[in-house]
Structure formats: C-alpha cells, structure tokens
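**Student:** Structure: work.csv, CSV, C-alpha atoms and all ligand atoms.
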```csv
chain,number,residue,atom,x,y,z
A,1,MET,CA,23.9,2.1,11.7
A,2,THR,CA,20.5,3.8,12.0
A,3,ALA,CA,17.2,1.8,11.7
A,4,LEU,CA,16.7,3.3,8.3
A,5,ASP,CA,20.2,2.3,7.1
A,6,GLN,CA,19.5,-1.3,8.2
A,7,ARG,CA,16.2,-1.2,6.3
A,8,LEU,CA,17.8,0.2,3.2
A,9,GLN,CA,20.5,-2.5,3.4
A,10,ARG,CA,17.8,-5.2,3.4
A,11,LEU,CA,16.0,-3.5,0.6
A,12,ALA,CA,19.1,-3.4,-1.5
A,13,ARG,CA,19.4,-7.2,-1.3
A,14,ALA,CA,15.6,-7.8,-1.9
A,15,ARG,CA,14.4,-9.8,-4.9
A,16,LEU,CA,10.9,-11.0,-4.2
A,17,TYR,CA,8.2,-8.7,-3.0
A,18,ALA,CA,4.8,-10.3,-2.0
A,19,ILE,CA,1.6,-8.4,-1.4
A,20,VAL,CA,-1.1,-9.7,0.9
A,21,ASP,CA,-4.1,-8.2,-0.8
A,22,THR,CA,-7.4,-8.5,1.1
A,23,GLY,CA,-9.1,-8.7,-2.3
A,24,TYR,CA,-7.7,-12.3,-2.5
A,25,VAL,CA,-7.2,-13.2,1.2
A,26,GLU,CA,-9.9,-13.0,3.8
A,27,PRO,CA,-8.7,-11.1,6.9
A,28,GLU,CA,-8.9,-14.2,9.0
A,29,ARG,CA,-6.5,-16.0,6.7
A,30,VAL,CA,-4.0,-13.1,6.6
A,31,PRO,CA,-1.8,-14.3,9.5
A,32,HIS,CA,-1.5,-17.8,8.0
A,33,VAL,CA,-0.7,-16.5,4.5
A,34,THR,CA,1.8,-14.1,6.0
A,35,GLY,CA,3.6,-16.9,7.8
A,36,GLN,CA,3.7,-18.9,4.5
A,37,LEU,CA,5.3,-16.0,2.7
A,38,VAL,CA,7.9,-15.6,5.4
A,39,LEU,CA,8.6,-19.3,5.2
A,40,GLY,CA,9.0,-19.2,1.5
A,41,GLY,CA,11.6,-16.4,1.7
A,42,ALA,CA,9.7,-13.3,0.4
A,43,ASP,CA,12.0,-10.3,1.1
A,44,LEU,CA,9.2,-7.7,1.4
A,45,ILE,CA,5.6,-8.3,2.4
A,46,GLN,CA,3.0,-5.5,1.9
A,47,LEU,CA,-0.4,-5.3,3.4
A,48,ARG,CA,-2.8,-3.9,0.7
A,49,ALA,CA,-6.4,-3.6,2.0
A,50,LYS,CA,-8.3,-1.3,-0.2
A,51,LYS,CA,-11.7,-1.9,1.3
A,52,LEU,CA,-11.0,-2.3,5.0
A,53,SER,CA,-11.5,0.4,7.7
A,54,LEU,CA,-8.5,2.1,9.2
A,55,ILE,CA,-9.2,0.2,12.5
A,56,ALA,CA,-9.3,-3.1,10.7
A,57,ILE,CA,-6.1,-2.3,8.8
A,58,ALA,CA,-4.3,-1.4,11.9
A,59,GLU,CA,-5.4,-4.6,13.7
A,60,LEU,CA,-4.4,-6.8,10.7
A,61,GLY,CA,-1.1,-4.9,10.4
A,62,LYS,CA,-0.2,-5.6,14.0
A,63,LYS,CA,-1.0,-9.3,13.6
A,64,MET,CA,1.3,-9.4,10.5
A,65,ARG,CA,4.0,-7.6,12.4
A,66,GLY,CA,3.8,-10.3,15.0
A,67,ILE,CA,4.5,-12.9,12.4
A,68,ILE,CA,7.2,-11.0,10.4
A,69,PRO,CA,10.3,-10.9,12.7
A,70,SER,CA,11.3,-7.3,13.3
A,71,GLU,CA,14.4,-7.6,15.4
A,72,GLY,CA,17.8,-9.4,15.5
A,73,ARG,CA,19.1,-11.8,12.9
A,74,GLU,CA,15.5,-13.0,12.2
A,75,ALA,CA,14.7,-9.5,10.9
A,76,ARG,CA,15.1,-10.2,7.2
A,77,VAL,CA,11.7,-9.5,5.7
A,78,LEU,CA,10.6,-5.8,5.4
A,79,PHE,CA,6.9,-5.1,6.2
A,80,ILE,CA,5.4,-2.4,4.1
A,81,LEU,CA,1.9,-0.8,4.4
A,82,ASN,CA,0.0,0.4,1.4
A,83,ASP,CA,-1.6,3.8,1.6
A,84,HIS,CA,-1.9,4.8,5.2
A,85,PRO,CA,1.3,6.4,6.5
A,86,GLU,CA,-0.3,7.5,9.7
A,87,LEU,CA,-0.7,3.8,10.7
A,88,VAL,CA,2.9,2.9,10.1
A,89,SER,CA,4.4,3.5,13.5
A,90,GLU,CA,1.4,2.0,15.3
A,91,MET,CA,1.8,-1.2,13.3
A,92,GLY,CA,5.6,-1.1,13.6
A,93,ALA,CA,5.9,-1.4,9.8
A,94,ASP,CA,9.2,-0.8,8.0
A,95,GLY,CA,7.8,1.3,5.3
A,96,ILE,CA,5.0,2.8,3.3
A,97,HIS,CA,4.0,2.4,-0.4
A,98,VAL,CA,2.3,5.2,-2.2
A,99,GLY,CA,0.8,5.5,-5.7
A,100,GLN,CA,0.9,8.3,-8.3
A,101,ASP,CA,-2.4,9.8,-6.9
A,102,ASP,CA,-1.3,9.6,-3.3
A,103,LEU,CA,0.8,11.8,-1.0
A,104,SER,CA,4.3,12.9,-2.2
A,105,VAL,CA,7.2,10.7,-1.0
A,106,ALA,CA,8.3,13.4,1.4
A,107,GLU,CA,4.9,13.8,2.9
A,108,ALA,CA,4.4,10.1,3.3
A,109,ARG,CA,7.8,9.7,4.9
A,110,ALA,CA,7.0,12.5,7.4
A,111,ARG,CA,3.6,11.2,8.3
A,112,ALA,CA,5.0,7.7,8.7
A,113,GLY,CA,7.6,8.8,11.3
A,114,GLY,CA,10.7,9.6,9.2
A,115,ASP,CA,13.0,6.6,9.4
A,116,VAL,CA,11.0,4.3,7.1
A,117,ILE,CA,11.2,3.1,3.6
A,118,VAL,CA,9.0,4.8,1.1
A,119,GLY,CA,8.1,3.1,-2.2
A,120,LYS,CA,6.2,4.5,-5.1
A,121,SER,CA,4.3,3.0,-8.0
A,122,THR,CA,5.3,4.2,-11.5
A,123,HIS,CA,3.7,3.5,-14.8
A,124,SER,CA,6.1,5.1,-17.3
A,125,LEU,CA,9.8,6.1,-17.7
A,126,ASP,CA,9.0,9.7,-16.8
A,127,GLN,CA,7.3,8.7,-13.6
A,128,ALA,CA,10.2,6.3,-12.6
A,129,ILE,CA,12.7,9.2,-13.1
A,130,ALA,CA,10.5,11.6,-11.1
A,131,ALA,CA,10.0,9.1,-8.3
A,132,GLU,CA,13.8,8.7,-7.9
A,133,LYS,CA,14.2,12.5,-7.9
A,134,GLU,CA,11.5,12.6,-5.2
A,135,SER,CA,13.7,10.3,-3.1
A,136,ALA,CA,11.6,7.2,-3.2
A,137,ASP,CA,13.6,4.3,-1.7
A,138,TYR,CA,12.3,1.9,-4.3
A,139,ILE,CA,9.8,2.0,-7.2
A,140,GLY,CA,7.3,-0.4,-8.6
A,141,VAL,CA,7.2,-0.5,-12.4
A,142,GLY,CA,4.0,-1.8,-14.1
A,143,PRO,CA,1.6,-3.2,-14.7
A,144,ILE,CA,3.9,-5.1,-17.0
A,145,TYR,CA,1.0,-7.3,-18.1
A,146,ALA,CA,-2.8,-6.7,-17.8
A,147,THR,CA,-3.9,-7.9,-14.4
A,148,PRO,CA,-7.2,-8.3,-12.6
A,149,THR,CA,-5.5,-7.1,-9.4
A,150,LYS,CA,-5.3,-3.6,-10.9
A,151,PRO,CA,-7.9,-3.7,-13.7
A,152,ASP,CA,-8.1,0.0,-14.6
A,153,TYR,CA,-4.5,0.3,-15.7
A,154,ALA,CA,-3.1,-0.3,-19.2
A,155,PRO,CA,-0.2,-2.7,-19.3
A,156,VAL,CA,3.2,-1.0,-19.9
A,157,GLY,CA,4.9,-4.0,-21.5
A,158,THR,CA,8.3,-5.5,-20.9
A,159,ALA,CA,10.2,-2.9,-23.0
A,160,LEU,CA,9.9,-0.4,-20.1
A,161,ILE,CA,11.9,-2.7,-17.8
A,162,GLY,CA,15.2,-2.0,-19.6
A,163,GLN,CA,14.5,1.7,-20.1
A,164,VAL,CA,13.8,2.2,-16.4
A,165,SER,CA,16.9,0.2,-15.3
A,166,SER,CA,19.1,2.3,-17.6
A,167,ALA,CA,17.7,5.5,-16.2
A,168,VAL,CA,17.4,5.0,-12.5
A,169,ARG,CA,19.6,3.6,-9.7
A,170,VAL,CA,16.9,3.1,-7.1
A,171,PRO,CA,15.7,-0.6,-6.7
A,172,GLN,CA,13.1,-1.3,-9.3
A,173,PHE,CA,10.4,-4.0,-8.7
A,174,CYS,CA,8.5,-5.1,-11.8
A,175,ILE,CA,4.8,-5.8,-11.1
A,176,GLY,CA,1.6,-6.8,-12.8
A,177,GLY,CA,0.7,-10.2,-14.2
A,178,ILE,CA,3.9,-11.8,-13.1
A,179,ASP,CA,3.7,-15.5,-12.4
A,180,GLU,CA,5.9,-18.5,-13.2
A,181,ALA,CA,4.8,-18.5,-16.8
A,182,THR,CA,5.6,-14.9,-17.5
A,183,LEU,CA,8.7,-14.7,-15.2
A,184,PRO,CA,11.2,-15.9,-17.8
A,185,GLU,CA,10.2,-13.1,-20.2
A,186,VAL,CA,10.3,-10.5,-17.5
A,187,LEU,CA,13.8,-11.7,-16.5
A,188,ALA,CA,14.9,-11.8,-20.1
A,189,ALA,CA,13.8,-8.1,-20.3
A,190,GLY,CA,16.3,-7.3,-17.5
A,191,ALA,CA,14.2,-7.5,-14.3
A,192,ARG,CA,16.1,-8.4,-11.2
A,193,ARG,CA,13.3,-7.8,-8.7
A,194,VAL,CA,9.6,-8.6,-8.9
A,195,VAL,CA,6.3,-8.2,-7.1
A,196,ILE,CA,3.8,-11.1,-7.3
A,197,VAL,CA,0.3,-10.8,-5.9
A,198,SER,CA,-2.4,-13.1,-7.3
A,199,ALA,CA,-0.2,-15.9,-8.5
A,200,LEU,CA,1.4,-16.4,-5.1
A,201,LEU,CA,-1.8,-15.9,-3.1
A,202,GLN,CA,-3.7,-18.3,-5.2
A,203,SER,CA,-1.0,-21.0,-5.4
A,204,GLY,CA,-1.7,-24.2,-3.6
A,205,ASP,CA,1.7,-24.1,-1.9
A,206,ILE,CA,2.9,-20.6,-1.2
A,207,PRO,CA,6.3,-21.5,0.3
A,208,ALA,CA,7.2,-23.7,-2.7
A,209,TYR,CA,6.0,-21.1,-5.2
A,210,CYS,CA,8.2,-18.4,-3.4
A,211,ARG,CA,11.2,-20.7,-3.4
A,212,ARG,CA,10.9,-21.5,-7.2
A,213,VAL,CA,10.6,-17.8,-8.0
A,214,ARG,CA,13.5,-16.9,-5.8
A,215,LYS,CA,15.6,-19.5,-7.4
A,216,ALA,CA,14.8,-18.1,-10.9
A,217,LEU,CA,15.6,-14.5,-9.7
A,218,GLU,CA,18.9,-15.5,-8.1
A,219,ALA,CA,20.0,-17.4,-11.1
A,220,ASN,CA,19.4,-14.2,-13.1
A,221,PHE,CA,21.3,-11.8,-10.8
A,301,LIG,N1,0.3,-2.2,-9.2
A,301,LIG,C1,0.6,-2.4,-10.5
A,301,LIG,S1,0.1,-3.9,-11.0
A,301,LIG,C2,-0.5,-4.3,-9.5
A,301,LIG,C3,-0.3,-3.2,-8.6
A,301,LIG,C4,-0.7,-3.2,-7.2
A,301,LIG,C5,-1.1,-5.6,-9.2
A,301,LIG,C6,-0.3,-6.8,-9.4
A,301,LIG,O1,-1.0,-7.9,-9.1
A,301,LIG,P1,-0.8,-9.3,-9.8
A,301,LIG,O2,-1.9,-10.2,-9.2
A,301,LIG,O3,0.6,-9.9,-9.4
A,301,LIG,O4,-0.9,-9.1,-11.3
A,302,MG,MG,-2.3,4.1,-3.0
```
Could I get this file's structure written as structure tokens?
**Tutor:**
Amino acid sequence: MTALDQRLQRLARARLYAIVDTGYVEPERVPHVTGQLVLGGADLIQLRAKKLSLIAIAELGKKMRGIIPSEGREARVLFILNDHPELVSEMGADGIHVGQDDLSVAEARARAGGDVIVGKSTHSLDQAIAAEKESADYIGVGPIYATPTKPDYAPVGTALIGQVSSAVRVPQFCIGGIDEATLPEVLAAGARRVVIVSALLQSGDIPAYCRRVRKALEANF
C-alpha cells in the first residue's frame, strides 16, 4: 500500500477534524494544544496561520509534526496544512487544504509533493460537485452557521448538508459555527463528519470536548 493509500484509508474513517488556528492560539501554546487534540482523538489536525510568516509557519508545523505521530500504529491522526503547499514536505504534513480562491487541487497536490491528501473548502452544491470533479480527497462544506472564525462568509445553512451528501461521494466535513449546542442539528441534517475550530480551542478541557463530540458522531454513523 502506498503512503497516499494509507492516508486515504485513515481519511475514510475520520469523523472529527480540528483546526489549530493561530487567531485563537498563540504560537507558544500550539504544541500543548496539538497534544490535547491528539489525546482527545481528533482524526485530522490542521494548522491554519493566516498572519504568520512562512518561516514561522514552517517552524510551528515541524513542532506539530513532532507531536502528531506519523509512523507505525500510532500514526492515526492526519496532519494538514492550510494554504502553503510548498511547505508540506518540509513539515512532513500528510496533506494540504485549499480554498476557492487558492490554487487548483492538481496544482496544490503537485507543489506539495504528490502523495498527499488535498482538501478543498466549498460553500455551495455546485462548488462541492466541482471540487470532487477536480479530485479533491475531501471537501469542507460551510460555513453552516455564521462564525467569527470566518466573518466575511454568509452561512450556507443545514439544508446544504443533505444536498451535498446526495451528490458527492468524497468525504464531506461540515464546518462553521459547530459546537456541542449546534451539533445535534448538524447531525440531524445528515452530517457524519465535522470540523470544529473555536469551540474546541476555547473549551476548558479540549480532550474531554473532543471525546464528547466523537461519541455523538459515532452514535450517528
Ligand atoms: N471555513 C468555513 S467556516 C470556517 C472555515 C475555516 C471557520 C470555522 O470555525 P468555527 O470557529 O468552528 O466556527
Ligand atoms: Mg486558503
């Protein structure tokens, strides 16, 4: 099995996707928070650092990679970088995430070294279908609810969840304003996988929060 096949196999089983966003977590706290997310059972962990230099992102990414096991039976969590495919191999990340205004999936994959996961943000049914055609390995769908983490985007609402899951086969992660309060509605709308950013990062007990969300997701699968 190739490295990419192994990554895709882990992706297929993934339910909970956490993002370490440096808008919420100071760089010095990133290693601790990453360890807490691994402990809680997040399946994917993304580094999203919109305001850091490339050098700082690469440094932080290498620290995260040291905490997220990458080999052997411990290699359960996929480590994804937002936005900078050229840093992926240096950091040893498992994948890259791009938005609608970023590089194409093929270009991001090529720049990241080829055998990596490529995820793409989508905000409508048409974009979700197009991302699958473009060979994205997974898609984000949202923001489901309005969220301060991505303030300039209009919420797409829960109705899109069912429409996208009927139309695409690629794993679909619902994102935006998801927390323990909104999760039941998101699950009732058909979500099987979610991304949680601020609610997780701001919770007093990250591992416990992860475990409760995982339990709800698994009960729904
Ligand atoms: N893309 C769509 S919504 C979003 C991104 C990166 C932010 C989600 O953050 P939160 O804090 O979980 O609402
Ligand atoms: Mg981007």
**Student:** Do a neighbour search on Tyr17 (chain A) at 8 Å with all atoms listed in the file, toss out local chain neighbours closer than 2 positions, and write the hits as JSON, numbers by chain.
**Tutor:** {"A": [14, 15, 19, 42, 43, 44, 45, 46, 173, 193, 194, 195, 196]}
**Student:** Near region 34-40 of chain A, counting all atoms listed in the file, which residues have an atom at most 10 Å away, once you skip same-chain residues fewer than 2 positions from it, shown as a PDB file with C-alpha atoms, keeping the file's coordinate frame?
**Tutor:**
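Written file, around03.pdb:
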```pdb
ATOM      1  CA  TYR A  17       8.200  -8.700  -3.000  1.00  0.00           C
ATOM      2  CA  ALA A  18       4.800 -10.300  -2.000  1.00  0.00           C
ATOM      3  CA  ILE A  19       1.600  -8.400  -1.400  1.00  0.00           C
ATOM      4  CA  VAL A  20      -1.100  -9.700   0.900  1.00  0.00           C
ATOM      5  CA  ARG A  29      -6.500 -16.000   6.700  1.00  0.00           C
ATOM      6  CA  VAL A  30      -4.000 -13.100   6.600  1.00  0.00           C
ATOM      7  CA  PRO A  31      -1.800 -14.300   9.500  1.00  0.00           C
ATOM      8  CA  HIS A  32      -1.500 -17.800   8.000  1.00  0.00           C
ATOM      9  CA  ALA A  42       9.700 -13.300   0.400  1.00  0.00           C
ATOM     10  CA  ASP A  43      12.000 -10.300   1.100  1.00  0.00           C
ATOM     11  CA  LEU A  44       9.200  -7.700   1.400  1.00  0.00           C
ATOM     12  CA  ILE A  45       5.600  -8.300   2.400  1.00  0.00           C
ATOM     13  CA  GLN A  46       3.000  -5.500   1.900  1.00  0.00           C
ATOM     14  CA  LEU A  47      -0.400  -5.300   3.400  1.00  0.00           C
ATOM     15  CA  LYS A  63      -1.000  -9.300  13.600  1.00  0.00           C
ATOM     16  CA  MET A  64       1.300  -9.400  10.500  1.00  0.00           C
ATOM     17  CA  ARG A  65       4.000  -7.600  12.400  1.00  0.00           C
ATOM     18  CA  GLY A  66       3.800 -10.300  15.000  1.00  0.00           C
ATOM     19  CA  ILE A  67       4.500 -12.900  12.400  1.00  0.00           C
ATOM     20  CA  ILE A  68       7.200 -11.000  10.400  1.00  0.00           C
ATOM     21  CA  PRO A  69      10.300 -10.900  12.700  1.00  0.00           C
ATOM     22  CA  ARG A  76      15.100 -10.200   7.200  1.00  0.00           C
ATOM     23  CA  VAL A  77      11.700  -9.500   5.700  1.00  0.00           C
ATOM     24  CA  LEU A 200       1.400 -16.400  -5.100  1.00  0.00           C
ATOM     25  CA  LEU A 201      -1.800 -15.900  -3.100  1.00  0.00           C
ATOM     26  CA  ASP A 205       1.700 -24.100  -1.900  1.00  0.00           C
ATOM     27  CA  ILE A 206       2.900 -20.600  -1.200  1.00  0.00           C
ATOM     28  CA  PRO A 207       6.300 -21.500   0.300  1.00  0.00           C
ATOM     29  CA  ALA A 208       7.200 -23.700  -2.700  1.00  0.00           C
ATOM     30  CA  TYR A 209       6.000 -21.100  -5.200  1.00  0.00           C
ATOM     31  CA  CYS A 210       8.200 -18.400  -3.400  1.00  0.00           C
ATOM     32  CA  ARG A 211      11.200 -20.700  -3.400  1.00  0.00           C
ATOM     33  CA  ARG A 212      10.900 -21.500  -7.200  1.00  0.00           C
ATOM     34  CA  VAL A 213      10.600 -17.800  -8.000  1.00  0.00           C
ATOM     35  CA  ARG A 214      13.500 -16.900  -5.800  1.00  0.00           C
TER      36      ARG A 214
END
```
**Student:** How many Å lie between CA of Leu103 (chain A) and CA of Val88 (chain A), rounded to one decimal?
**Tutor:** 14.4 Å
**Student:** I'd like the contact shell of Ser198 (chain A) - 12 Å cut-off, all atoms listed in the file, skipping same-chain residues fewer than 6 positions apart - returned as a PyMOL selection string.
**Tutor:** chain A and resi 18-25+147-150+175-180+204+206+209
**Student:** Limited to C-alpha atoms, could you put the picked residues into a file as a tab-separated table (two decimals), in the frame of the given file?
**Tutor:**
```tsv
chain	number	residue	atom	x	y	z
A	18	ALA	CA	4.80	-10.30	-2.00
A	19	ILE	CA	1.60	-8.40	-1.40
A	20	VAL	CA	-1.10	-9.70	0.90
A	21	ASP	CA	-4.10	-8.20	-0.80
A	22	THR	CA	-7.40	-8.50	1.10
A	23	GLY	CA	-9.10	-8.70	-2.30
A	24	TYR	CA	-7.70	-12.30	-2.50
A	25	VAL	CA	-7.20	-13.20	1.20
A	147	THR	CA	-3.90	-7.90	-14.40
A	148	PRO	CA	-7.20	-8.30	-12.60
A	149	THR	CA	-5.50	-7.10	-9.40
A	150	LYS	CA	-5.30	-3.60	-10.90
A	175	ILE	CA	4.80	-5.80	-11.10
A	176	GLY	CA	1.60	-6.80	-12.80
A	177	GLY	CA	0.70	-10.20	-14.20
A	178	ILE	CA	3.90	-11.80	-13.10
A	179	ASP	CA	3.70	-15.50	-12.40
A	180	GLU	CA	5.90	-18.50	-13.20
A	204	GLY	CA	-1.70	-24.20	-3.60
A	206	ILE	CA	2.90	-20.60	-1.20
A	209	TYR	CA	6.00	-21.10	-5.20
```
**Student:** Figure out the distance between CA of Val168 (chain A) and CA of Glu132 (chain A), please, to one decimal in Å.
**Tutor:**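 Computing the Euclidean distance for CA of Glu132 (chain A) and CA of Val168 (chain A) yields 6.9 Å.
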**Student:** Write out as JSON lines the residues of chain A that have any atom within 7 Å of an atom of ligand MG 302 (chain A), one row each with the nearest atom pair and its distance in Å to one decimal, counting all atoms listed in the file, sorted by chain and then rising number.
**Tutor:**
```
{"residue": "A:Asn82", "atom": "CA", "partner": "A:MG302", "partner_atom": "MG", "distance": 6.2}
{"residue": "A:Asp83", "atom": "CA", "partner": "A:MG302", "partner_atom": "MG", "distance": 4.7}
{"residue": "A:Val98", "atom": "CA", "partner": "A:MG302", "partner_atom": "MG", "distance": 4.8}
{"residue": "A:Gly99", "atom": "CA", "partner": "A:MG302", "partner_atom": "MG", "distance": 4.3}
{"residue": "A:Asp101", "atom": "CA", "partner": "A:MG302", "partner_atom": "MG", "distance": 6.9}
{"residue": "A:Asp102", "atom": "CA", "partner": "A:MG302", "partner_atom": "MG", "distance": 5.6}
```
**Student:** Looking at only C-alpha atoms and all ligand atoms, which of A:Lys120, A:Arg192, A:Lys133, A:Arg13 is the one that sits closest to ligand LIG 301 (chain A)?
**Tutor:**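 Closest to ligand LIG 301 (chain A) of all the choices is A:Lys120.
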**Student:** If you count only C-alpha atoms, which residues fall within 9 Å of region 51-56 of chain A, apart from same-chain ones fewer than 3 positions away, as a list in words?
**Tutor:**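 Within the cut-off, the hits are Thr22, Gly23, Pro27, Glu59, Leu60, Gly61, His84 and Leu87 of chain A.
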**Student:** Rank A:Val141, A:Val170, A:Ala199, A:Ala188 by their smallest atom-to-atom distance to Val156 (chain A), using all atoms listed in the file, and report the top residue only.
**Tutor:** A:Val141
**Student:** Val186 (chain A): which residues within 9 Å, counting only C-alpha atoms, same-chain residues fewer than 3 positions away excluded, as number ranges by chain?
**Tutor:** A: 144, 158, 161, 174, 178, 182-183, 189-192, 194
